[in-house]
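Colleague: Quick one: the structure is below, and I'll ask about it shortly.
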2 protein chains.
Amino acid sequence: MNILITNDDGIYADGIIELARKLSSMANIYVVAPKSERSATGHSITIHSPIMVEEVNLGENIKAYAISGTPADCVKIGIEALFKDINIDLVISGINKGSNLGTDVIYSGTVSAAMEGLILNKPSIAVSYNDFKVKREIYKEVSEYVITLIENLKNKLDLLNDCILNVNIPNVKVKGWKVTKLGERKYENVLEERTSPFGQTYFWIGGSIKELEQNKDSDITCVNEGYISITPVSIEMTNLNKFEKLKSMEMLK
Amino acid sequence: MNILITNDDGIYADGIIELARKLSSMANIYVVAPKSERSATGHSITIHSPIMVEEVNLGENIKAYAISGTPADCVKIGIEALFKDINIDLVISGINKGSNLGTDVIYSGTVSAAMEGLILNKPSIAVSYNDFKVKREIYKEVSEYVITLIENLKNKLDLLNDCILNVNIPNVKVKGWKVTKLGERKYENVLEERTSPFGQTYFWIGGSIKELEQNKDSDITCVNEGYISITPVSIEMTNLNKFEKLKSMEMLK
């Protein structure tokens with residue numbers, strides 16, 4: 001099996017290094033990841049500047065490149081250029097430091113990298129761990145869950161022909177696995193106005209998670225309850241219900 | 001009516017200036033746009049650095065700010081900070097220089113800005129013009145279509161409670177309006193390997209549009225045929241079909 005791994009925390013993040021090393025026992029591992037952290041970049045791609053590429057040593061049996069681009073760039077360059085002669089069977093983005101749940105996925109570089117894999121017709125999975133501050137050792141344990149998932153999926157990868165899997169692993173004792181739907185996540189007190197030493201106005205996006213009532217099967221509830229959440233996330237974004245409703249508008253007849 | 005306008009071509013792009021001036025005859029106009037071009041930024045937000053804000057003069061009856069952030073940042077800062085005391089009725093992102101059709105929407109800063117409006121519970125519309133090189137005068141004419149659309153929609157804005165409208169205007173004589181679905185757009189020869197004067201490897205993402213067979217009601221076909229395309233684009237990304245299928249997997253029972 002040939003697995004392309006990327007992330008948005010950067011190629012020297014613990015999560016990607018431990019995942020790559022652990023998976024190298026079961027597959028050929030190809031890594032293309034951003035040289036530095038590129039979180040919250042959404043599905044940004046780099047078209048206005050060149051993308052620099054540099055080979056990196058992440059361990060035995062791992063072929064790895066750091067690039068100056070975004071997570072989505074990594075997957076594009078991995079599949080269409082650096083490893084274009086390899087038949088990549090699976091794209092994995094992660095293991096991300098911090099969860100990517102509910103509305104987060106739209107901002108997430110981790111999830112967008114998996115989406116780019118799907119656009120390029122590869123089965124793709126985003127994996128996040130629900131904790132921002134953890135010891136490197138933790139990612140060794142967390143990677144075991146990724147191996148279990150791959151073992152169970154590897155004969156069913158055609159399930160991922162029109163969706164990616166967004167996987168979130170809780171930072172407590174894992175009770176099991178659940179298939180979920182994206183919940184609703186919003187933030188409060190996001191913007192604070194400040195003044196620079198030179199008198200210029202600026203904002204810094206921050207904020208804390210707002211507690212919202214979740215729908216049934218929400219990925220947010222699932223992880224809070226100690227289960228690993230697996231959400232199939234689609235790239236088909238047309239709203240078919242509103243498609244019909246809009247067609248009945250007078251101007252559009 | 002209070003309209004917040006943004007774009008991804010930057011605040012001094014012809015498309016946003018002509019749109020803001022034209023719409024100022026029918027509504028109070030509030031503009032927050034990137035200081036320079038931020039196309040293909042997807043739903044990127046700026047969380048690792050401050051976002052500088054500067055007031056800009058775009059004409060009478062227009063309150064405008066240029067910021068150092070992305071299109072999604074513009075909408076967040078517009079609604080939650082700079083104009084938080086104004087009841088914004090509608091968010092418009094555009095008029096973009098170049099179309100945003102089919103798979104493009106996932107990379108588009110223009111569309112992502114409208115999505116951010118929807119996340120913040122505002123009816124939101126992305127507008128693109130299907131030409132990269134046009135005279136400024138053209139945007140005056142194109143803005144008339146936006147006015148027509150707003151006039152027709154303004155009593156039905158609750159239609160936009162779970163989707164944005166992605167509007168693409170053809171660069172030929174307009175035959176009419178059509179409600180469409182996102183088509184499939186892929187590019188070929190996207191990556192070329194080059195070497196810098198210092199011997200470093202780099203890539204530059206480019207490529208040309210691949211001609212693909214389009215599904216019925218495709219936005220791509222619609223614009224090619226000379227109609228204005230209106231696609232309702234959803235933020236609900238869970239793949240419900242695969243949700244059911246995955247639940248039947250042995251490991252997940």
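Following the order of the structure tokens, first chain is A, next is B, and so on, with residues numbered from 1 inside each chain and ligands from 1 in the order they appear.
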Between segment 35-90 of chain B and segment 101-113 of chain B, at 9 Å or less, what are the per-residue closest atom pairs and their distances in Å? Count only C-alpha atoms, order by chain and rising residue number, and return it as a tab-separated table.

Modeller:
```
residue	atom	partner	partner_atom	distance
B:Arg38	CA	B:Gly109	CA	6.9
B:Ser39	CA	B:Gly109	CA	5.4
B:Ala40	CA	B:Ser108	CA	5.0
B:Thr41	CA	B:Gly109	CA	5.1
B:Gly42	CA	B:Tyr107	CA	4.3
B:His43	CA	B:Ser112	CA	5.0
B:Ser44	CA	B:Gly109	CA	8.1
B:Thr70	CA	B:Gly109	CA	7.6
B:Pro71	CA	B:Ala113	CA	5.1
B:Ala72	CA	B:Ala113	CA	4.4
B:Asp73	CA	B:Ala113	CA	7.9
B:Cys74	CA	B:Ala113	CA	7.5
B:Val75	CA	B:Ala113	CA	6.3
B:Lys76	CA	B:Ala113	CA	8.8
```

Colleague: Based on the selection just made, write C-alpha atoms of those residues as a tab-separated table (two decimals), in the first residue's frame.

Modeller:
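Heads up, here's the output in out.tsv:
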```tsv
chain	number	residue	atom	x	y	z
B	38	ARG	CA	-6.13	37.36	-2.05
B	39	SER	CA	-7.58	35.06	-4.69
B	40	ALA	CA	-7.48	31.25	-4.30
B	41	THR	CA	-7.27	31.67	-0.54
B	42	GLY	CA	-10.29	29.39	0.02
B	43	HIS	CA	-11.78	29.73	3.47
B	44	SER	CA	-8.49	30.79	5.03
B	70	THR	CA	-8.39	37.24	3.84
B	71	PRO	CA	-11.90	37.58	2.32
B	72	ALA	CA	-13.37	35.44	5.15
B	73	ASP	CA	-11.60	37.69	7.69
B	74	CYS	CA	-13.22	40.72	6.00
B	75	VAL	CA	-16.73	39.42	6.58
B	76	LYS	CA	-15.97	38.35	10.16
```

Colleague: Among segment 1-121 of chain B, which residues carry a DSSP assignment of alpha helix (DSSP H), reported as a ChimeraX atom specification?

Modeller: /B:14-23,71-77,109-119

Colleague: Excluding Ile51 of chain B and any residue of its chain fewer than 2 positions from it, enumerate the residues within 9 Å of it, using only C-alpha atoms, and give them as a compact mmCIF listing (two decimals) with N, CA and C atoms, in the first residue's frame.

Modeller:
```txt
# COMPACT_ATOMS: atom_id res chain seq x y z
N THR A 201 -4.96 50.75 14.02
CA THR A 201 -5.97 49.82 14.53
C THR A 201 -5.70 48.41 14.01
N TYR A 202 -5.83 47.43 14.90
CA TYR A 202 -5.77 46.04 14.41
C TYR A 202 -6.67 45.14 15.23
N PHE A 203 -6.97 43.99 14.63
CA PHE A 203 -7.76 42.95 15.31
C PHE A 203 -6.94 41.66 15.33
N TRP A 204 -7.27 40.81 16.28
CA TRP A 204 -6.65 39.48 16.29
C TRP A 204 -7.77 38.49 16.52
N ILE A 205 -7.96 37.56 15.58
CA ILE A 205 -9.05 36.60 15.69
C ILE A 205 -8.74 35.57 16.77
N THR B 46 -7.13 34.42 9.30
CA THR B 46 -5.84 34.83 9.86
C THR B 46 -5.90 34.72 11.37
N ILE B 47 -5.21 33.73 11.94
CA ILE B 47 -5.24 33.58 13.39
C ILE B 47 -3.85 33.68 14.01
N SER B 49 -1.54 36.04 13.21
CA SER B 49 -0.99 37.40 13.17
C SER B 49 -2.14 38.40 13.30
N VAL B 53 -6.12 47.35 10.04
CA VAL B 53 -7.34 47.94 9.48
C VAL B 53 -7.09 49.40 9.14
N ILE B 67 -8.25 45.82 4.86
CA ILE B 67 -7.61 45.09 5.95
C ILE B 67 -6.51 44.17 5.40
N SER B 68 -5.62 43.76 6.30
CA SER B 68 -4.51 42.91 5.86
C SER B 68 -4.89 41.42 5.83
N GLY B 69 -6.17 41.10 6.02
CA GLY B 69 -6.60 39.71 6.11
C GLY B 69 -7.17 39.14 4.82
N ASP B 73 -11.89 36.74 6.60
CA ASP B 73 -11.60 37.69 7.69
C ASP B 73 -12.42 38.98 7.53
```

Colleague: For chain B, which of A:Asn130, A:Asn215, A:Asn224, A:Asn189 is the closest residue, counting only C-alpha atoms?

Modeller: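 Checking each candidate against chain B, we get A:Asn189 as the closest.
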
Colleague: With distances taken over only C-alpha atoms, which of B:Ser196, B:Trp177, B:Ala27, B:Asp9 is nearest to Ile147 of chain B?

Modeller: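 Selected residue with least distance to Ile147 of chain B: B:Ala27.
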
Colleague: Please return as an mmCIF file with N, CA and C atoms, in the first residue's frame: the residues of segment 72-244 of chain A that backbone DSSP assigns to strand (DSSP E or B).

Modeller:
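Below you can see result-v2.cif, which holds the result:
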```cif
data_model
loop_
_atom_site.group_PDB
_atom_site.id
_atom_site.type_symbol
_atom_site.label_atom_id
_atom_site.label_comp_id
_atom_site.auth_asym_id
_atom_site.auth_seq_id
_atom_site.Cartn_x
_atom_site.Cartn_y
_atom_site.Cartn_z
ATOM 1 N N LEU A 90 -3.958 5.927 -0.809
ATOM 2 C CA LEU A 90 -4.678 6.582 0.279
ATOM 3 C C LEU A 90 -3.937 7.874 0.657
ATOM 4 N N VAL A 91 -4.702 8.925 0.941
ATOM 5 C CA VAL A 91 -4.131 10.172 1.448
ATOM 6 C C VAL A 91 -4.571 10.330 2.897
ATOM 7 N N ILE A 92 -3.622 10.573 3.785
ATOM 8 C CA ILE A 92 -3.994 10.845 5.182
ATOM 9 C C ILE A 92 -3.433 12.199 5.582
ATOM 10 N N SER A 93 -4.300 13.032 6.163
ATOM 11 C CA SER A 93 -3.883 14.354 6.618
ATOM 12 C C SER A 93 -3.955 14.375 8.139
ATOM 13 N N GLY A 94 -2.785 14.570 8.769
ATOM 14 C CA GLY A 94 -2.779 14.590 10.234
ATOM 15 C C GLY A 94 -1.501 13.977 10.778
ATOM 16 N N ILE A 95 -1.501 13.611 12.008
ATOM 17 C CA ILE A 95 -2.553 13.780 13.011
ATOM 18 C C ILE A 95 -2.510 15.218 13.504
ATOM 19 N N ASN A 96 -3.636 15.901 13.362
ATOM 20 C CA ASN A 96 -3.670 17.309 13.730
ATOM 21 C C ASN A 96 -3.680 17.498 15.243
ATOM 22 N N LYS A 97 -2.964 18.539 15.654
ATOM 23 C CA LYS A 97 -2.932 18.959 17.060
ATOM 24 C C LYS A 97 -4.189 19.776 17.310
ATOM 25 N N SER A 124 -9.375 9.550 0.854
ATOM 26 C CA SER A 124 -8.652 10.496 1.712
ATOM 27 C C SER A 124 -9.293 10.602 3.087
ATOM 28 N N ILE A 125 -8.424 10.715 4.092
ATOM 29 C CA ILE A 125 -8.878 10.752 5.484
ATOM 30 C C ILE A 125 -8.149 11.870 6.225
ATOM 31 N N ALA A 126 -8.901 12.674 6.975
ATOM 32 C CA ALA A 126 -8.301 13.682 7.860
ATOM 33 C C ALA A 126 -8.387 13.156 9.289
ATOM 34 N N VAL A 127 -7.296 13.265 10.044
ATOM 35 C CA VAL A 127 -7.277 12.755 11.422
ATOM 36 C C VAL A 127 -6.821 13.858 12.376
ATOM 37 N N SER A 128 -7.614 14.100 13.413
ATOM 38 C CA SER A 128 -7.275 15.130 14.398
ATOM 39 C C SER A 128 -7.387 14.551 15.808
ATOM 40 N N TYR A 129 -6.562 15.083 16.697
ATOM 41 C CA TYR A 129 -6.577 14.644 18.098
ATOM 42 C C TYR A 129 -7.053 15.810 18.950
ATOM 43 N N CYS A 163 -16.651 11.233 -0.904
ATOM 44 C CA CYS A 163 -16.530 11.895 0.403
ATOM 45 C C CYS A 163 -15.161 11.590 0.989
ATOM 46 N N ILE A 164 -14.738 12.413 1.924
ATOM 47 C CA ILE A 164 -13.570 12.072 2.726
ATOM 48 C C ILE A 164 -14.088 11.600 4.084
ATOM 49 N N LEU A 165 -13.201 11.014 4.885
ATOM 50 C CA LEU A 165 -13.567 10.759 6.277
ATOM 51 C C LEU A 165 -12.862 11.788 7.150
ATOM 52 N N ASN A 166 -13.643 12.444 7.993
ATOM 53 C CA ASN A 166 -13.066 13.359 8.971
ATOM 54 C C ASN A 166 -13.089 12.667 10.326
ATOM 55 N N VAL A 167 -11.896 12.291 10.809
ATOM 56 C CA VAL A 167 -11.789 11.481 12.027
ATOM 57 C C VAL A 167 -11.257 12.338 13.167
ATOM 58 N N ASN A 168 -11.947 12.308 14.296
ATOM 59 C CA ASN A 168 -11.504 13.027 15.487
ATOM 60 C C ASN A 168 -11.386 12.065 16.660
ATOM 61 N N ILE A 169 -10.228 12.091 17.301
ATOM 62 C CA ILE A 169 -9.938 11.141 18.376
ATOM 63 C C ILE A 169 -9.937 11.897 19.708
ATOM 64 N N GLY A 176 -14.876 3.710 21.992
ATOM 65 C CA GLY A 176 -15.226 3.006 20.760
ATOM 66 C C GLY A 176 -15.287 3.985 19.601
ATOM 67 N N TRP A 177 -15.943 3.553 18.516
ATOM 68 C CA TRP A 177 -16.024 4.356 17.290
ATOM 69 C C TRP A 177 -17.481 4.676 16.997
ATOM 70 N N LYS A 178 -17.731 5.867 16.423
ATOM 71 C CA LYS A 178 -19.092 6.202 15.975
ATOM 72 C C LYS A 178 -19.041 6.950 14.643
ATOM 73 N N VAL A 179 -19.994 6.642 13.777
ATOM 74 C CA VAL A 179 -20.166 7.423 12.555
ATOM 75 C C VAL A 179 -21.058 8.606 12.905
ATOM 76 N N LYS A 181 -22.398 13.005 12.157
ATOM 77 C CA LYS A 181 -22.648 14.120 11.228
ATOM 78 C C LYS A 181 -21.954 15.357 11.780
ATOM 79 N N TYR A 187 -18.027 30.411 17.779
ATOM 80 C CA TYR A 187 -17.122 30.995 18.769
ATOM 81 C C TYR A 187 -17.679 32.324 19.263
ATOM 82 N N GLU A 188 -17.342 32.685 20.499
ATOM 83 C CA GLU A 188 -17.785 33.992 21.009
ATOM 84 C C GLU A 188 -16.587 34.854 21.393
ATOM 85 N N LEU A 191 -13.435 38.872 18.302
ATOM 86 C CA LEU A 191 -12.619 40.008 17.867
ATOM 87 C C LEU A 191 -12.470 41.075 18.943
ATOM 88 N N GLU A 192 -11.238 41.499 19.125
ATOM 89 C CA GLU A 192 -10.950 42.556 20.090
ATOM 90 C C GLU A 192 -10.176 43.629 19.335
ATOM 91 N N GLU A 193 -10.591 44.872 19.482
ATOM 92 C CA GLU A 193 -9.894 45.942 18.769
ATOM 93 C C GLU A 193 -8.706 46.405 19.601
ATOM 94 N N ARG A 194 -7.540 46.519 18.986
ATOM 95 C CA ARG A 194 -6.337 46.972 19.673
ATOM 96 C C ARG A 194 -5.638 48.060 18.867
ATOM 97 N N THR A 195 -4.646 48.674 19.476
ATOM 98 C CA THR A 195 -3.891 49.726 18.773
ATOM 99 C C THR A 195 -2.407 49.384 18.821
ATOM 100 N N THR A 201 -4.955 50.754 14.015
ATOM 101 C CA THR A 201 -5.966 49.822 14.535
ATOM 102 C C THR A 201 -5.696 48.413 14.013
ATOM 103 N N TYR A 202 -5.828 47.426 14.899
ATOM 104 C CA TYR A 202 -5.769 46.043 14.412
ATOM 105 C C TYR A 202 -6.675 45.145 15.233
ATOM 106 N N PHE A 203 -6.974 43.986 14.633
ATOM 107 C CA PHE A 203 -7.759 42.952 15.306
ATOM 108 C C PHE A 203 -6.941 41.664 15.327
ATOM 109 N N TRP A 204 -7.273 40.807 16.278
ATOM 110 C CA TRP A 204 -6.649 39.482 16.287
ATOM 111 C C TRP A 204 -7.774 38.492 16.516
ATOM 112 N N ILE A 205 -7.955 37.561 15.581
ATOM 113 C CA ILE A 205 -9.051 36.602 15.691
ATOM 114 C C ILE A 205 -8.736 35.566 16.769
ATOM 115 N N SER A 208 -13.578 31.995 22.176
ATOM 116 C CA SER A 208 -13.709 30.677 22.809
ATOM 117 C C SER A 208 -14.960 29.988 22.290
ATOM 118 N N ILE A 209 -14.964 28.663 22.375
ATOM 119 C CA ILE A 209 -16.068 27.866 21.841
ATOM 120 C C ILE A 209 -17.363 28.176 22.587
ATOM 121 N N SER A 218 -24.162 14.286 16.294
ATOM 122 C CA SER A 218 -23.137 15.315 16.114
ATOM 123 C C SER A 218 -21.744 14.789 16.452
ATOM 124 N N TYR A 227 -15.858 8.923 22.363
ATOM 125 C CA TYR A 227 -15.795 8.036 21.193
ATOM 126 C C TYR A 227 -15.001 8.702 20.071
ATOM 127 N N ILE A 228 -14.375 7.865 19.259
ATOM 128 C CA ILE A 228 -13.737 8.370 18.044
ATOM 129 C C ILE A 228 -14.837 8.667 17.033
ATOM 130 N N SER A 229 -14.804 9.872 16.477
ATOM 131 C CA SER A 229 -15.831 10.297 15.527
ATOM 132 C C SER A 229 -15.327 10.134 14.091
ATOM 133 N N ILE A 230 -16.177 9.506 13.246
ATOM 134 C CA ILE A 230 -15.874 9.373 11.817
ATOM 135 C C ILE A 230 -17.013 10.019 11.046
ATOM 136 N N THR A 231 -16.745 11.132 10.373
ATOM 137 C CA THR A 231 -17.788 11.812 9.604
ATOM 138 C C THR A 231 -17.464 11.756 8.115
ATOM 139 N N PRO A 232 -18.389 11.230 7.307
ATOM 140 C CA PRO A 232 -18.190 11.323 5.858
ATOM 141 C C PRO A 232 -18.528 12.737 5.389
ATOM 142 N N VAL A 233 -17.538 13.447 4.837
ATOM 143 C CA VAL A 233 -17.735 14.841 4.427
ATOM 144 C C VAL A 233 -17.680 14.912 2.910
ATOM 145 N N SER A 234 -18.711 15.532 2.357
ATOM 146 C CA SER A 234 -18.945 15.536 0.927
ATOM 147 C C SER A 234 -18.345 16.749 0.265
ATOM 148 N N THR A 238 -23.967 21.629 -3.901
ATOM 149 C CA THR A 238 -25.213 22.239 -4.371
ATOM 150 C C THR A 238 -26.342 21.911 -3.398
#
```

Colleague: Write out as number ranges by chain each polymer residue whose atoms come within 8 Å of Ala66 of chain A, counting only C-alpha atoms; drop sequence neighbours fewer than 6 positions from it.

Modeller: A: 11, 32-35, 53-56

Colleague: Mind writing the picked residues with N, CA and C atoms as an mmCIF file, in the first residue's frame?

Modeller:
```cif
data_model
loop_
_atom_site.group_PDB
_atom_site.id
_atom_site.type_symbol
_atom_site.label_atom_id
_atom_site.label_comp_id
_atom_site.auth_asym_id
_atom_site.auth_seq_id
_atom_site.Cartn_x
_atom_site.Cartn_y
_atom_site.Cartn_z
ATOM 1 N N ILE A 11 5.804 20.049 8.824
ATOM 2 C CA ILE A 11 6.444 18.732 8.687
ATOM 3 C C ILE A 11 7.189 18.306 9.949
ATOM 4 N N VAL A 32 4.424 14.824 2.058
ATOM 5 C CA VAL A 32 4.630 16.199 1.591
ATOM 6 C C VAL A 32 3.875 17.077 2.572
ATOM 7 N N ALA A 33 4.585 17.952 3.269
ATOM 8 C CA ALA A 33 3.915 18.766 4.285
ATOM 9 C C ALA A 33 4.496 20.176 4.269
ATOM 10 N N PRO A 34 3.728 21.129 4.806
ATOM 11 C CA PRO A 34 4.222 22.515 4.834
ATOM 12 C C PRO A 34 5.466 22.623 5.724
ATOM 13 N N LYS A 35 6.370 23.499 5.328
ATOM 14 C CA LYS A 35 7.606 23.665 6.097
ATOM 15 C C LYS A 35 7.311 24.223 7.488
ATOM 16 N N VAL A 53 10.529 23.531 -2.717
ATOM 17 C CA VAL A 53 10.479 22.125 -2.310
ATOM 18 C C VAL A 53 11.846 21.680 -1.793
ATOM 19 N N GLU A 54 11.848 20.957 -0.697
ATOM 20 C CA GLU A 54 13.091 20.564 -0.054
ATOM 21 C C GLU A 54 12.929 19.144 0.508
ATOM 22 N N GLU A 55 13.867 18.259 0.223
ATOM 23 C CA GLU A 55 13.773 16.900 0.765
ATOM 24 C C GLU A 55 14.166 16.910 2.243
ATOM 25 N N VAL A 56 13.486 16.075 3.017
ATOM 26 C CA VAL A 56 13.645 16.073 4.470
ATOM 27 C C VAL A 56 13.780 14.621 4.935
#
```

Colleague: Can you write out as JSON lines which residues of segment 33-68 of chain B fall within 9 Å of segment 18-23 of chain B, alongside each residue's closest atom pair and its distance in Å to one decimal, counting only C-alpha atoms and ordering rows by chain and ascending residue number?

Modeller:
```
{"residue": "B:Leu58", "atom": "CA", "partner": "B:Arg21", "partner_atom": "CA", "distance": 8.0}
{"residue": "B:Gly59", "atom": "CA", "partner": "B:Arg21", "partner_atom": "CA", "distance": 7.1}
{"residue": "B:Glu60", "atom": "CA", "partner": "B:Arg21", "partner_atom": "CA", "distance": 8.1}
{"residue": "B:Asn61", "atom": "CA", "partner": "B:Arg21", "partner_atom": "CA", "distance": 8.5}
{"residue": "B:Ile62", "atom": "CA", "partner": "B:Ala20", "partner_atom": "CA", "distance": 7.3}
```

Colleague: Using only C-alpha atoms, which protein or nucleic acid residues come within 9 Å of segment 149-157 of chain B? Drop anything in the same chain fewer than 2 positions from it, and give the result as a compact mmCIF listing (two decimals) with N, CA and C atoms, in the first residue's frame.

Modeller:
```txt
# COMPACT_ATOMS: atom_id res chain seq x y z
N MET A 249 -38.87 31.09 -8.85
CA MET A 249 -38.92 32.55 -8.76
C MET A 249 -39.27 33.17 -10.10
N GLU A 250 -40.06 34.22 -10.08
CA GLU A 250 -40.61 34.83 -11.28
C GLU A 250 -39.50 35.19 -12.29
N MET A 251 -38.46 35.87 -11.81
CA MET A 251 -37.42 36.36 -12.72
C MET A 251 -36.67 35.22 -13.43
N ASP B 89 -28.11 43.57 6.18
CA ASP B 89 -29.19 42.75 5.62
C ASP B 89 -28.68 41.74 4.61
N LEU B 90 -27.54 42.04 4.02
CA LEU B 90 -27.07 41.22 2.91
C LEU B 90 -25.56 41.37 2.78
N PRO B 123 -27.85 36.59 4.90
CA PRO B 123 -28.03 36.19 3.50
C PRO B 123 -26.81 36.68 2.71
N GLU B 144 -25.51 46.18 -12.91
CA GLU B 144 -26.97 46.30 -13.12
C GLU B 144 -27.67 44.95 -12.88
N TYR B 145 -27.00 43.88 -13.28
CA TYR B 145 -27.58 42.54 -13.05
C TYR B 145 -27.67 42.25 -11.55
N VAL B 146 -26.68 42.71 -10.81
CA VAL B 146 -26.70 42.48 -9.36
C VAL B 146 -27.88 43.24 -8.75
N ILE B 147 -28.12 44.45 -9.23
CA ILE B 147 -29.27 45.22 -8.73
C ILE B 147 -30.57 44.49 -9.04
N LEU B 159 -34.83 32.62 2.00
CA LEU B 159 -34.37 31.48 1.19
C LEU B 159 -32.89 31.18 1.44
N LEU B 160 -32.17 32.22 1.84
CA LEU B 160 -30.73 32.07 2.01
C LEU B 160 -30.33 31.76 3.45
N ASN B 161 -31.18 31.00 4.14
CA ASN B 161 -30.87 30.65 5.53
C ASN B 161 -29.94 29.43 5.66
```

Colleague: Report, in Å with one decimal, the straight-line distance from atom CA of Gly78 of chain B to atom CA of Leu4 of chain B.

Modeller: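 Atom CA of Leu4 of chain B lies at a distance of 7.5 Å from atom CA of Gly78 of chain B.
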
Colleague: Which residues are close to Ile79 of chain B, i.e. within 8 Å by only C-alpha atoms, leaving aside same-chain residues fewer than 5 positions away? Reply as a list in words.

Modeller: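 The contact residues come out as Lys84, Ile88 and Leu120 of chain B.
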
Colleague: Would you save the residues of that selection, restricted to N, CA and C atoms, as a tab-separated table (two decimals), in the first residue's frame?

Modeller:
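Produced file selection08.tsv, reproduced below:
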```tsv
chain	number	residue	atom	x	y	z
B	84	LYS	N	-20.56	46.31	13.74
B	84	LYS	CA	-21.38	45.46	14.61
B	84	LYS	C	-22.65	46.16	15.08
B	88	ILE	N	-26.72	44.49	9.25
B	88	ILE	CA	-26.41	44.15	7.86
B	88	ILE	C	-27.49	43.19	7.32
B	120	LEU	N	-22.31	33.50	9.73
B	120	LEU	CA	-22.70	34.56	10.66
B	120	LEU	C	-24.17	34.94	10.49
```

Colleague: Which is closest to chain A among B:Ala64, B:Val223, B:Ala114, B:Ile235, if we use only C-alpha atoms?

Modeller: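 That would be B:Ile235, the residue with the smallest distance to chain A.
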
Colleague: Using only C-alpha atoms, pick whichever of A:Glu225, A:Glu211, A:Glu184, A:Asp158 has the shortest atom-to-atom distance to Asn171 of chain A.

Modeller: A:Glu225

Colleague: When you draw a straight line from atom CA of Ser36 of chain B to atom CA of Ser36 of chain A, how long is it in Å?

Modeller: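 Straight-line distance from atom CA of Ser36 of chain B to atom CA of Ser36 of chain A works out to 23.2 Å.
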